[in-house]
Amino acid sequence: MSTNIEKDAHTGRETTGHEWDGIKELNTPLPKWWLYTFYACIAFALGYTVLYPAWPSLHSHTKGVLGWTQRDTVKSALDAREQTLAPVKAKLLATPIGDVEKDPELRSYVQAAGHIAFAENCAACHGAGGAGGKGFPNLADDDWLWGGTPEQILQTVTYGVRNANENSRVSDMPRFGADGLLTKEQINDVAEYVLSLSGTGTDKAAAGRGTAIFADNCAACHGEKGEGNPDVGAPRLNDAIWLYGGDKATVVQTITYARRGSMPAWSERLDPATVKLLAAYVHSLGGGK
Amino acid sequence: MDTNPQDGGVLERPAEDRKAAVRDGRPQSIKTSRDSQQGGLYAEHFKVYPKAISGPFRTIKWVVLALCLAVYYTVPWLRWDRGPGAPNQAVLIDLAAPRAYFLGIEIWPQEVYYITGLLVLGAVGLFLVTSLAGRVWCGYACPQTVWTDLFMAVERWIEGDRGARIRLDRQPLTQEKVLRKTAKHAAWLAIALATGGAWVLYFDDAPTAFKALVTGHATTREYFFVGLFTATTYILAGWAREQVCTYMCPWPRFQSAMLDVHSLVVTYEAWRGERRGPHKAGTSWEGRGDCIDCGQCIAVCPTGIDIRDGQQLECIGCGLCIDSCNDIMAKVGRPPNLIRFDTLANQEAKSTGSDHRYRLLRPRVVIYALVLVAVAGVMLTALETRSTMAISVLRDRAPLFVTLSDGSVRNGYTVKVINKRRGEGAYDLAILGQPGATLAVQDVGEAHGTDGVALPVHGDAVATFRVFISLPRTALVRDGGPKASIPLVFSLTEEGAAPAHTTFYEGVFMGPGAKP
């Protein structure tokens, strides 16, 4: 504490006793009640540390007399949400998948909750918003391997593709090159033919030679004009969408080694309401039939 | 700390100070709040016992007080017909809807800038008034002043005037003291409860909310806020009083930036008041000032200061000291207005005997007035041209774009359409200048080229639509090459509105660019 407290001649008030380059500060004392408010805050803080988790120890922390934890708060919030959503979930389960989008309440539920469920379960492979990637189908476009009606999507999400589930969607494209079913030249020719279906081929002679090879080996699944067949998951080949890439080298590779993408059966991991929610959400992404 | 604890509101002066008081002639029976701030780091509580007074300024203060309280308590009960389905309360802030209503004006959350405008008007208005007439807001209209004044009136009615209250505080705990104190606090709490109760009526239909509050059917949240404002009113107006103005309010701290020597403030005419001192009736006034140092100006002051010390932070400019001094001046036969509303420049001129006139029009006054008019003009224009519809478009970021089977490109958008009218509305959404466009609104409809899709929107609501727009690849070719992004203009036309009302939104459309 400074000792040079003096009375300021002009105001008649005491100074604090501090001096900076000849400038002195008048003492304006804090009101006592303000000080007591400060003490009350300290008392409150101490009480708080007794009632609530506060002090850390080496491996844990004090739990607080009230036994409050943030986990309980989260759990009760989640339970409350479950309870709020129970009626709309029941309604979703009771509504045929094809009628879900016609119901405004279910539609907004699908948009809100489906978005979250999709991000948690599907976005890892199919990308945010179903943008897809190489080998992982874009779910927002109008091209579907296993069909784009709500019923077909629900079937695919429920049982998955090429997995151990007995109801899984299954189909096997032969490894035409690796297993010696076609020669390299034949593969080249049929690849040219496939590219010509979407107007991106460059070698008309080769495409001509490939026509017969396609009819013999591919048309059974992919259709005579490459229109695809969702019953066996055979992609449409005469459009602008390519799952693995539409350049010739990729197409040749696909014919030589085949492609066997798979997806889990989500009914084994999620409850029926969430599975249905995801199917409805995927259908709403923009490409649903 | 050389001040003693409070004793009935009269502090013992430190010896040093007492000598000073004798020297400048201040009577020792009247202490000021300043006296409690001498020495030490913490000031003892100084209880102010304002004395009753009557006079023109006190009358103005009563009128303003009655007016403010009347407005506060009656406004929630005023009705205003807005047609069916809309609340009929004239002033209502419906946080759940969320809408704010003020007579014929309805404000949506995104129009909160009207509130900002009101606050700006309030602030600049305060600046203007302060530069003209000092702290009249503080002294007359501030809620803290109004409720404190009301609480003081109740206190005076129950415990008596200044002297009686000091005596009551000094005397030991008698039955009378307990009775009076209990009655006072009960009355204070009742007023505080009415204040807190009226507050929540602004946020809900007043008759319904009042009934619910009284019958115990209101929500916990409403009771919480009633309790909160009851507590703050009781504490701030009953206990804290001038402490709020002196220590808690920021306004006194920067009001000096608005004041200059031409602003009206409460002043003491030291040039004719000094030398002050007791005066015996019948003796000459020669060689002395008009101030008889009776201390009445201090006794009536709601913040317990001595106005003769000059301009000070604690002065709220209420002018009650003027009323009290004029009473005394009339009694001793001296000219009135020894304490008066005047400008510092005028006082300076009077003290030197030179001429001075009031200067109302100063640059700061003109600037504050211009800002006030400009902001009010902008707000009125905004209100007058307020649109009853709006569109907001949010483009999907994932996926950025989608290639379709036929090679065309599709973008997804979330379109929000706002209908501020009361009735159902239909709004025609279309894309400008893209003949090859396909516009598909999920669950509503589809259109091609420049045709629009009619979007139905309920009255007083925001509707959200998922919109997919497809363009052929050729539409993305600009300046000889495919672009990753082109501008896309949405138009929204209100159907059946006369005159036709269209609003536009300039968005973008994205594609793969030069990549195959």
# chains A, B, ... in the order shown; residues from 1 in each chain; ligands from 1

$ interface_residues --of "chain B" --to "chain A" --cutoff "10 Å" --atoms "only C-alpha atoms" --output "number ranges by chain"
B: 16-17, 20, 34-46, 240, 243, 247, 309, 396-412, 440, 442-443, 464, 466-468, 516

$ select_by_dssp --residues "stretch 73-288 of chain A" --states "alpha helix (DSSP H)" --output "VMD selection string"
chain A and resid 73 to 94 104 to 121 123 to 126 150 to 159 184 to 197 204 to 217 219 to 222 248 to 257 272 to 284

$ residues_around --residues "stretch 181-186 of chain A" --least-positions-apart "4" --cutoff "10 Å" --atoms "only C-alpha atoms" --output "PyMOL selection string"
chain A and resi 174-177+190-192+206+209-210+213-214+217+252+255-256

$ atom_distance --atom1 "atom CA of B:Trp137" --atom2 "atom CA of B:Trp239"
21.2 Å

$ atom_distance --atom1 "atom CA of A:Tyr281" --atom2 "atom CA of A:His115"
7.2 Å

$ residues_around --residues "B:Thr208" --least-positions-apart "5" --cutoff "10 Å" --atoms "only C-alpha atoms" --output "list in words"
Leu201, Leu213 and Ala218 of chain B
